[in-house]
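Reviewing the structure listed below.
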2 protein chains.
Amino acid sequence: MQRMLSTELSAHVGQAVTIAGWVHRRRLLKSVAFLIVRDAAGLSQIVVTDPDVRAQLEELPEETVVTVTGTVKEHATGVEITEPDVRALSGAAAVPLPFEVHRPALSAGMATQLDHAALALRHPSRALALRVSAAATAGFRTALDRQRFVEIHTPKIVGTATESGANVFTLDYFGRPAYLAQSPQLYKQLMVGVFERVYETGPVFRAEPHDTARHLAQYTSLDAELGFITDHRDVMAVLTTVVAEMTATVAERTGIEVPEVPAEIPSVHFADALRIAGAPPDEPDLAPAHERALGEWAQREHGSEFVFVTGYPMAKRPFYTHPQPTDPRWSNSFDLLFRGLELVTGGQRLHRHADYLAVAPDPEKIAGYLDGLRYGMPPHGGFAIGLERFTARLTGAANVREATAFPRDLHRVFP
Amino acid sequence: MQRMLSTELSAHVGQAVTIAGWVHRRRLLKSVAFLIVRDAAGLSQIVVTDPDVRAQLEELPEETVVTVTGTVKEHATGVEITEPDVRALSGAAAVPLPFEVHRPALSAGMATQLDHAALALRHPSRALALRVSAAATAGFRTALDRQRFVEIHTPKIVGTATESGANVFTLDYFGRPAYLAQSPQLYKQLMVGVFERVYETGPVFRAEPHDTARHLAQYTSLDAELGFITDHRDVMAVLTTVVAEMTATVAERTGIEVPEVPAEIPSVHFADALRIAGAPPDEPDLAPAHERALGEWAQREHGSEFVFVTGYPMAKRPFYTHPQPTDPRWSNSFDLLFRGLELVTGGQRLHRHADYLAVAPDPEKIAGYLDGLRYGMPPHGGFAIGLERFTARLTGAANVREATAFPRDLHRVFP
């Protein structure tokens, strides 16, 4: 008999069905036993009265994979399966489990969860975060596919550390040193010369010496870059459609509550942002408290959970940032804040080869990459979204490690 | 004035328009000059009769980025822009170019093309291969999204080389050795325990000591894995829908001719495949000549450019392969051949923890990964498609390096 999902049972009351999944929980009462089976779609309840089946159930610990054939019956709050025939597909699962998956919240600490990720991720709350992540990625691609962007795949092994010398992993590349790419930044810029508009969803690597709740040694970067822009505001307009599609796809696929993305997200220049946040006018960057104040201001003044801050001081942005034409102390860059936290960074880039030679910290070292810009590049810009941080902020996870399956950090390269 | 694409001009005859793109070619004739501008959608022809504009054009070498404002006129074979106002956006492009992009075929050898990839990829034939690659990736995801698969992101830095000890890149991970993942194999299996059906599109790394037309040190692997299967034939059925969606999406987005994927691809067991190919019955694997013979057989007998070969000898498949229950010399695995060349490899995997302990070449070394299988795994299987090889076979590229933007190989880690 064809296996059916838990969510399909209610359409088959009175019929014989087969389901399959994991033993989520057993409740062995005096006169009756209940078996809860978990599949990818949800939970099913099976009522066991036959003493032989009950005896069998006692030998099938939680997380054993089973198929159950029986009859669907209505009960007070839904449907259940009665008169079951139960078969184990996996052999009995290991006992004891390091923690129980069927509790409403995982009791194990983060380190234990990460040590046993293959089990912890079966908990609905952990699995949900990864579904949110998958949906956000799909929304990112949908929005950009619709706007003529072409997906690219760029090297993760690079000959020179282009983004910055620090925090880079070194590897042995056929006997020579090479590095793991910290971002696809220069590659996506070069590909603007080919397709005008490109995106990539892929891993980036940072040898972060900080052991915090928001740093990972590998994370997924959702990168986009587009040419023939007037300035950074064209990039912000595309990003707004992208964030709207990401949150809409998350809502549609997972049902979690998502913030409303205004058609036009309020925007404030860095100089004004300092004033609004009550910071001294010579501050070179926004502190977390300032970002929180700006989040409250956007909520209060514009009813928006999102706010753009533009024009960050050039001194605080990467060398490829385009200055603000009217005042080159400022830049044509932006951050997108969500509930007072930085969510996305982007901006307009330099596009003339000569301008790069003038500002790159070590132009000889990255001459090869810069060579690609000699052939004629249009004004362009882009942005990068850290997928795990985005997911953590949507789900309310306090630690970015909850938004990725097998995190990598200072102490962890396993499992 | 809003910039328009080359393909939109024909709907604006008689109107003033602005286009933008790269100087693809200039033809400076005696009484008239033609400027061909290339954008992401195609080419536009601009007619120059004004001596001042002609003089300006003489100073704008090929690949300079320009905007052109003028009037759209019909001519014999399409439309052109007349009375142009031309502006350079990028500053003049570098001259001389290492090769000309406007020729029907790139005259430069592969090494020169790769040295100047940012320029070579602007040639329509090279750009087309990358568009095919993007479309194939999109089709892969569409087919699997439709069948309840969840996208995952797995670690590219691993503590132990799981797939095989050879051909693995070693890196310095915060002072300890770690390795670049050769495949997401064990991770995607563990994630079957969470979502039942998963896929990943991401980079994998092989320290290939072979300098051939089909080996890359980094390539994009399109991986899928699904649980609750009966055997490898369930995997082959999913793969058939995936390849059909990939080719359909390529045809739709790029217009290139693609092979027809039968609703049921013909399938032949390894033992019969040897017979058909005229090979001795004790051959342990199929040689390229055998694969070609099978391709011809499938075309002749079934009118199919695709053919599955199943049941490869266990001795020739990875340790996680599930044996054929009726005869454990053979395996529940398959290759998909396209025009006589291997395109995809897949199969059913072992799913019981004890079975892994019995066969893994070095079970202690990968104990942590195998631990995840202790918690109960359903019968499962999957496949992996090498995106660059798939693209090369669809476009007819002789070298897999033509199907990726910035290839990595034994000799090349740049640009």
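Letters for chains follow the order of the structure tokens (A, B, ...), residue numbers begin at 1 for each chain, and ligand numbers begin at 1 in the order shown.
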Open item on the list: With only C-alpha atoms as the counted atoms, please give the residues lying no more than 7 Å from range 10-26 of chain B, apart from itself and same-chain residues fewer than 6 positions off, as a ChimeraX atom specification.
Closed with: /B:1-4,34-39,62-74,79,102
Output C-alpha atoms of each residue in that selection to a file, as a CSV table (one decimal), in the first residue's frame.
chain,number,residue,atom,x,y,z
B,1,MET,CA,15.4,58.9,-20.1
B,2,GLN,CA,14.9,55.3,-18.9
B,3,ARG,CA,17.3,52.9,-20.4
B,4,MET,CA,15.8,50.2,-22.7
B,34,PHE,CA,28.2,51.8,-37.5
B,35,LEU,CA,28.4,51.3,-33.8
B,36,ILE,CA,27.2,47.9,-32.5
B,37,VAL,CA,26.3,48.0,-28.8
B,38,ARG,CA,26.0,44.8,-26.8
B,39,ASP,CA,23.8,44.5,-23.7
B,62,GLU,CA,35.7,48.1,-28.0
B,63,GLU,CA,34.3,47.2,-24.6
B,64,THR,CA,33.9,50.8,-23.4
B,65,VAL,CA,30.6,51.1,-21.7
B,66,VAL,CA,28.3,53.7,-23.3
B,67,THR,CA,24.8,55.0,-23.3
B,68,VAL,CA,23.2,55.9,-26.6
B,69,THR,CA,20.2,58.2,-27.1
B,70,GLY,CA,18.6,58.4,-30.5
B,71,THR,CA,15.7,57.6,-32.7
B,72,VAL,CA,14.6,54.1,-33.6
B,73,LYS,CA,14.3,53.5,-37.4
B,74,GLU,CA,13.3,50.4,-39.3
B,79,VAL,CA,15.7,48.3,-36.4
B,102,HIS,CA,33.0,40.5,-31.5
Can you pull out every residue from range 1-46 of chain B that DSSP, working from the backbone, puts in helix (DSSP H, G or I), and format the result as a PDB file with N, CA and C atoms, in the first residue's frame?
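Final file, part.pdb:
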ATOM      1  N   SER B   6      18.130  46.112 -25.862  1.00  0.00           N
ATOM      2  CA  SER B   6      18.209  45.974 -27.325  1.00  0.00           C
ATOM      3  C   SER B   6      16.986  45.266 -27.893  1.00  0.00           C
ATOM      4  N   THR B   7      16.466  44.301 -27.172  1.00  0.00           N
ATOM      5  CA  THR B   7      15.326  43.515 -27.658  1.00  0.00           C
ATOM      6  C   THR B   7      14.012  44.289 -27.603  1.00  0.00           C
ATOM      7  N   GLU B   8      14.005  45.437 -26.924  1.00  0.00           N
ATOM      8  CA  GLU B   8      12.763  46.211 -26.802  1.00  0.00           C
ATOM      9  C   GLU B   8      12.630  47.273 -27.888  1.00  0.00           C
ATOM     10  N   LEU B   9      13.705  47.491 -28.660  1.00  0.00           N
ATOM     11  CA  LEU B   9      13.712  48.605 -29.610  1.00  0.00           C
ATOM     12  C   LEU B   9      12.626  48.491 -30.672  1.00  0.00           C
ATOM     13  N   SER B  10      12.401  47.251 -31.155  1.00  0.00           N
ATOM     14  CA  SER B  10      11.493  47.091 -32.300  1.00  0.00           C
ATOM     15  C   SER B  10      10.072  47.533 -31.973  1.00  0.00           C
ATOM     16  N   ALA B  11       9.749  47.624 -30.695  1.00  0.00           N
ATOM     17  CA  ALA B  11       8.412  48.089 -30.299  1.00  0.00           C
ATOM     18  C   ALA B  11       8.357  49.615 -30.191  1.00  0.00           C
ATOM     19  N   HIS B  12       9.466  50.303 -30.526  1.00  0.00           N
ATOM     20  CA  HIS B  12       9.525  51.768 -30.342  1.00  0.00           C
ATOM     21  C   HIS B  12       9.995  52.483 -31.595  1.00  0.00           C
TER      22      HIS B  12
END
Task: Shell of 7 Å around range 268-282 of chain A, only C-alpha atoms, local chain residues under 6 positions omitted, as a VMD selection string - done: chain A and resid 290 293 to 294 308 to 312
Export of prior selection with C-alpha atoms as a short mmCIF file (atom, residue, chain, number, x, y, z; two decimals), in the first residue's frame:
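Writing done, so here's out.cif:
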data_model
loop_
_atom_site.label_atom_id
_atom_site.label_comp_id
_atom_site.auth_asym_id
_atom_site.auth_seq_id
_atom_site.Cartn_x
_atom_site.Cartn_y
_atom_site.Cartn_z
CA HIS A 290 22.18 53.74 18.03
CA ALA A 293 17.20 53.88 18.59
CA LEU A 294 16.88 54.08 14.81
CA PHE A 308 17.78 52.08 5.56
CA VAL A 309 20.76 54.06 6.80
CA THR A 310 22.72 55.52 3.87
CA GLY A 311 25.93 57.46 3.36
CA TYR A 312 28.18 55.75 5.93
#
Find the nearest atom pair between each residue of chain B and chain A for residues within 6 Å, count only C-alpha atoms, give distances in Å to one decimal, sort rows by chain and ascending number, and present the table as JSON lines.
{"residue": "B:Ala40", "atom": "CA", "partner": "A:Phe195", "partner_atom": "CA", "distance": 5.3}
{"residue": "B:Glu63", "atom": "CA", "partner": "A:Gly376", "partner_atom": "CA", "distance": 5.5}
{"residue": "B:Thr64", "atom": "CA", "partner": "A:Gly376", "partner_atom": "CA", "distance": 4.8}
{"residue": "B:Val65", "atom": "CA", "partner": "A:Gly376", "partner_atom": "CA", "distance": 5.5}
{"residue": "B:Ser90", "atom": "CA", "partner": "A:Gly376", "partner_atom": "CA", "distance": 5.5}
{"residue": "B:Ala93", "atom": "CA", "partner": "A:Tyr375", "partner_atom": "CA", "distance": 4.8}
{"residue": "B:Ala94", "atom": "CA", "partner": "A:Arg374", "partner_atom": "CA", "distance": 5.4}
{"residue": "B:Ala118", "atom": "CA", "partner": "A:Gly372", "partner_atom": "CA", "distance": 5.1}
{"residue": "B:Arg122", "atom": "CA", "partner": "A:Val194", "partner_atom": "CA", "distance": 4.9}
{"residue": "B:Ala134", "atom": "CA", "partner": "A:Glu151", "partner_atom": "CA", "distance": 5.3}
{"residue": "B:Glu151", "atom": "CA", "partner": "A:Ala134", "partner_atom": "CA", "distance": 5.3}
{"residue": "B:Val158", "atom": "CA", "partner": "A:Val413", "partner_atom": "CA", "distance": 5.9}
{"residue": "B:Gly159", "atom": "CA", "partner": "A:Val413", "partner_atom": "CA", "distance": 5.4}
{"residue": "B:Thr170", "atom": "CA", "partner": "A:Asp172", "partner_atom": "CA", "distance": 5.8}
{"residue": "B:Leu171", "atom": "CA", "partner": "A:Leu171", "partner_atom": "CA", "distance": 3.9}
{"residue": "B:Asp172", "atom": "CA", "partner": "A:Thr170", "partner_atom": "CA", "distance": 5.8}
{"residue": "B:Leu190", "atom": "CA", "partner": "A:Ala118", "partner_atom": "CA", "distance": 5.8}
{"residue": "B:Val194", "atom": "CA", "partner": "A:Arg122", "partner_atom": "CA", "distance": 4.9}
{"residue": "B:Phe195", "atom": "CA", "partner": "A:Ala40", "partner_atom": "CA", "distance": 5.3}
{"residue": "B:Arg352", "atom": "CA", "partner": "A:Ser90", "partner_atom": "CA", "distance": 5.8}
{"residue": "B:Gly372", "atom": "CA", "partner": "A:Ala118", "partner_atom": "CA", "distance": 5.1}
{"residue": "B:Arg374", "atom": "CA", "partner": "A:Ala94", "partner_atom": "CA", "distance": 5.4}
{"residue": "B:Tyr375", "atom": "CA", "partner": "A:Ala93", "partner_atom": "CA", "distance": 4.9}
{"residue": "B:Gly376", "atom": "CA", "partner": "A:Thr64", "partner_atom": "CA", "distance": 4.8}
{"residue": "B:Met377", "atom": "CA", "partner": "A:Ser90", "partner_atom": "CA", "distance": 5.6}
{"residue": "B:Pro378", "atom": "CA", "partner": "A:Ser90", "partner_atom": "CA", "distance": 5.8}
{"residue": "B:Val413", "atom": "CA", "partner": "A:Gly159", "partner_atom": "CA", "distance": 5.4}
{"residue": "B:Phe414", "atom": "CA", "partner": "A:Gly159", "partner_atom": "CA", "distance": 5.9}
Task: Glu305 in chain A surroundings by only C-alpha atoms, 8 Å radius, close-in-sequence under 3 positions cut, as number ranges by chain - done: A: 259-261, 295, 298-299, 338-339
Generate a file of the selected residues that holds C-alpha atoms, formatted as an mmCIF file, in the first residue's frame.
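Once written, part.cif looks like this:
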data_model
loop_
_atom_site.group_PDB
_atom_site.id
_atom_site.type_symbol
_atom_site.label_atom_id
_atom_site.label_comp_id
_atom_site.auth_asym_id
_atom_site.auth_seq_id
_atom_site.Cartn_x
_atom_site.Cartn_y
_atom_site.Cartn_z
ATOM 1 C CA PRO A 259 7.189 41.478 9.340
ATOM 2 C CA GLU A 260 5.549 43.639 6.685
ATOM 3 C CA VAL A 261 8.021 45.068 4.187
ATOM 4 C CA GLY A 295 14.704 50.980 14.793
ATOM 5 C CA ALA A 298 11.376 54.027 12.113
ATOM 6 C CA GLN A 299 8.619 52.182 13.954
ATOM 7 C CA PHE A 338 15.502 45.242 10.892
ATOM 8 C CA ARG A 339 14.100 45.816 14.390
#
TODO: For CA of Arg389 in chain A and CA of Leu216 in chain A, determine how far apart the two atoms are, in Å to one decimal place.
DONE: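 Going from CA of Arg389 in chain A over to CA of Leu216 in chain A, I get 10.0 Å.
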Open item on the list: Ranking A:His322, A:Asp335, A:His210, A:Phe99 by minimum distance to Ser267 in chain A and counting only C-alpha atoms, which one comes first?
Closed with: A:Asp335
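Using only C-alpha atoms, the shortest contact distance between Met110 in chain B and any of B:Met314, B:Trp330, B:Ala213, B:Gly78 is found at B:Ala213.
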- [ ] Give me the residues within 9 Å of range 232-247 of chain B as a PyMOL selection string, counting only C-alpha atoms and dropping any in the same chain fewer than 2 places off.
- [x] chain B and resi 135-144+147+224-226+229-230+249-252+258-265+308+310+322+332-334+336+344+346-349+380-383+394
Go ahead and save the residues from that selection, with C-alpha atoms, as a PDB file, in the first residue's frame.
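So result-v8.pdb came out as:
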ATOM      1  CA  ALA B 135      18.863  27.421 -16.158  1.00  0.00           C
ATOM      2  CA  ALA B 136      19.810  23.802 -15.435  1.00  0.00           C
ATOM      3  CA  THR B 137      20.280  24.657 -11.751  1.00  0.00           C
ATOM      4  CA  ALA B 138      16.896  26.388 -11.648  1.00  0.00           C
ATOM      5  CA  GLY B 139      15.223  23.356 -13.261  1.00  0.00           C
ATOM      6  CA  PHE B 140      16.860  21.041 -10.736  1.00  0.00           C
ATOM      7  CA  ARG B 141      15.396  23.069  -7.856  1.00  0.00           C
ATOM      8  CA  THR B 142      11.966  23.471  -9.449  1.00  0.00           C
ATOM      9  CA  ALA B 143      11.535  19.727  -9.960  1.00  0.00           C
ATOM     10  CA  LEU B 144      12.539  18.951  -6.371  1.00  0.00           C
ATOM     11  CA  GLN B 147       8.207  16.974  -4.795  1.00  0.00           C
ATOM     12  CA  ALA B 224      19.500  15.097  -3.854  1.00  0.00           C
ATOM     13  CA  GLU B 225      18.645  12.412  -1.297  1.00  0.00           C
ATOM     14  CA  LEU B 226      15.279  10.911  -0.351  1.00  0.00           C
ATOM     15  CA  ILE B 229      12.173   4.405  -0.898  1.00  0.00           C
ATOM     16  CA  THR B 230      11.691   0.781  -1.888  1.00  0.00           C
ATOM     17  CA  THR B 249      14.194  25.036 -18.296  1.00  0.00           C
ATOM     18  CA  VAL B 250      17.365  25.280 -20.392  1.00  0.00           C
ATOM     19  CA  ALA B 251      15.287  25.209 -23.587  1.00  0.00           C
ATOM     20  CA  GLU B 252      12.835  27.782 -22.263  1.00  0.00           C
ATOM     21  CA  VAL B 258      17.870  19.953 -25.840  1.00  0.00           C
ATOM     22  CA  PRO B 259      17.398  16.189 -25.952  1.00  0.00           C
ATOM     23  CA  GLU B 260      14.004  14.683 -25.246  1.00  0.00           C
ATOM     24  CA  VAL B 261      13.810  12.947 -21.874  1.00  0.00           C
ATOM     25  CA  PRO B 262      11.468   9.912 -22.087  1.00  0.00           C
ATOM     26  CA  ALA B 263       8.854   9.604 -19.330  1.00  0.00           C
ATOM     27  CA  GLU B 264      10.531   6.282 -18.577  1.00  0.00           C
ATOM     28  CA  ILE B 265      14.194   6.142 -19.464  1.00  0.00           C
ATOM     29  CA  PHE B 308      20.179   3.857 -17.089  1.00  0.00           C
ATOM     30  CA  THR B 310      21.862  -0.446 -12.873  1.00  0.00           C
ATOM     31  CA  HIS B 322      23.256  -0.819  -0.754  1.00  0.00           C
ATOM     32  CA  ASN B 332      21.256  -1.134  -5.965  1.00  0.00           C
ATOM     33  CA  SER B 333      23.076   1.623  -7.811  1.00  0.00           C
ATOM     34  CA  PHE B 334      22.868   3.231 -11.215  1.00  0.00           C
ATOM     35  CA  LEU B 336      22.584   7.624 -16.119  1.00  0.00           C
ATOM     36  CA  VAL B 344      24.724  11.140 -13.164  1.00  0.00           C
ATOM     37  CA  GLY B 346      23.298   7.437  -7.762  1.00  0.00           C
ATOM     38  CA  GLY B 347      21.736   4.593  -5.874  1.00  0.00           C
ATOM     39  CA  GLN B 348      20.265   3.254  -2.696  1.00  0.00           C
ATOM     40  CA  ARG B 349      22.434   3.631   0.416  1.00  0.00           C
ATOM     41  CA  HIS B 380      17.041   6.010   1.310  1.00  0.00           C
ATOM     42  CA  GLY B 381      19.043   6.898  -1.747  1.00  0.00           C
ATOM     43  CA  GLY B 382      20.007   9.777  -3.963  1.00  0.00           C
ATOM     44  CA  PHE B 383      22.127  11.117  -6.741  1.00  0.00           C
ATOM     45  CA  LEU B 394      24.221  20.009 -23.395  1.00  0.00           C
TER      46      LEU B 394
END
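Here CA of Leu357 in chain B stands at a distance of 18.1 Å from CA of Ser331 in chain B.
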- [ ] Find the residues near Asp52 in chain A: any atom within 12 Å, counting only C-alpha atoms, skip ones fewer than 6 places away on the same chain, and give them as a ChimeraX atom specification.
- [x] /A:33,58-59,83-86
Export C-alpha atoms of the chosen residues as an mmCIF file, in the first residue's frame?
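In the end it all went to selection.cif:
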data_model
loop_
_atom_site.group_PDB
_atom_site.id
_atom_site.type_symbol
_atom_site.label_atom_id
_atom_site.label_comp_id
_atom_site.auth_asym_id
_atom_site.auth_seq_id
_atom_site.Cartn_x
_atom_site.Cartn_y
_atom_site.Cartn_z
ATOM 1 C CA ALA A 33 -1.054 2.448 24.353
ATOM 2 C CA GLU A 58 7.726 -1.799 24.008
ATOM 3 C CA GLU A 59 10.731 -2.952 21.959
ATOM 4 C CA GLU A 83 -5.940 -1.647 14.677
ATOM 5 C CA PRO A 84 -2.378 -0.981 13.565
ATOM 6 C CA ASP A 85 0.140 -3.320 12.014
ATOM 7 C CA VAL A 86 3.557 -1.856 12.915
#
Open item on the list: Quick check for you: according to DSSP on this backbone, which residues of range 47-230 of chain A are classed as strand (DSSP E)? Reply as a PyMOL selection string.
Closed with: chain A and resi 47-48+65-75+78-88+150-151+157-158+170-173+176-180+197-205+218-227
Open item on the list: Taking 2 positions as the minimum chain separation for residues in the same chain, which residues sit within 10 Å of Pro318 in chain A when counting only C-alpha atoms? Answer as a ChimeraX atom specification.
Closed with: /A:163-164,314-316,320-322,349,359-361
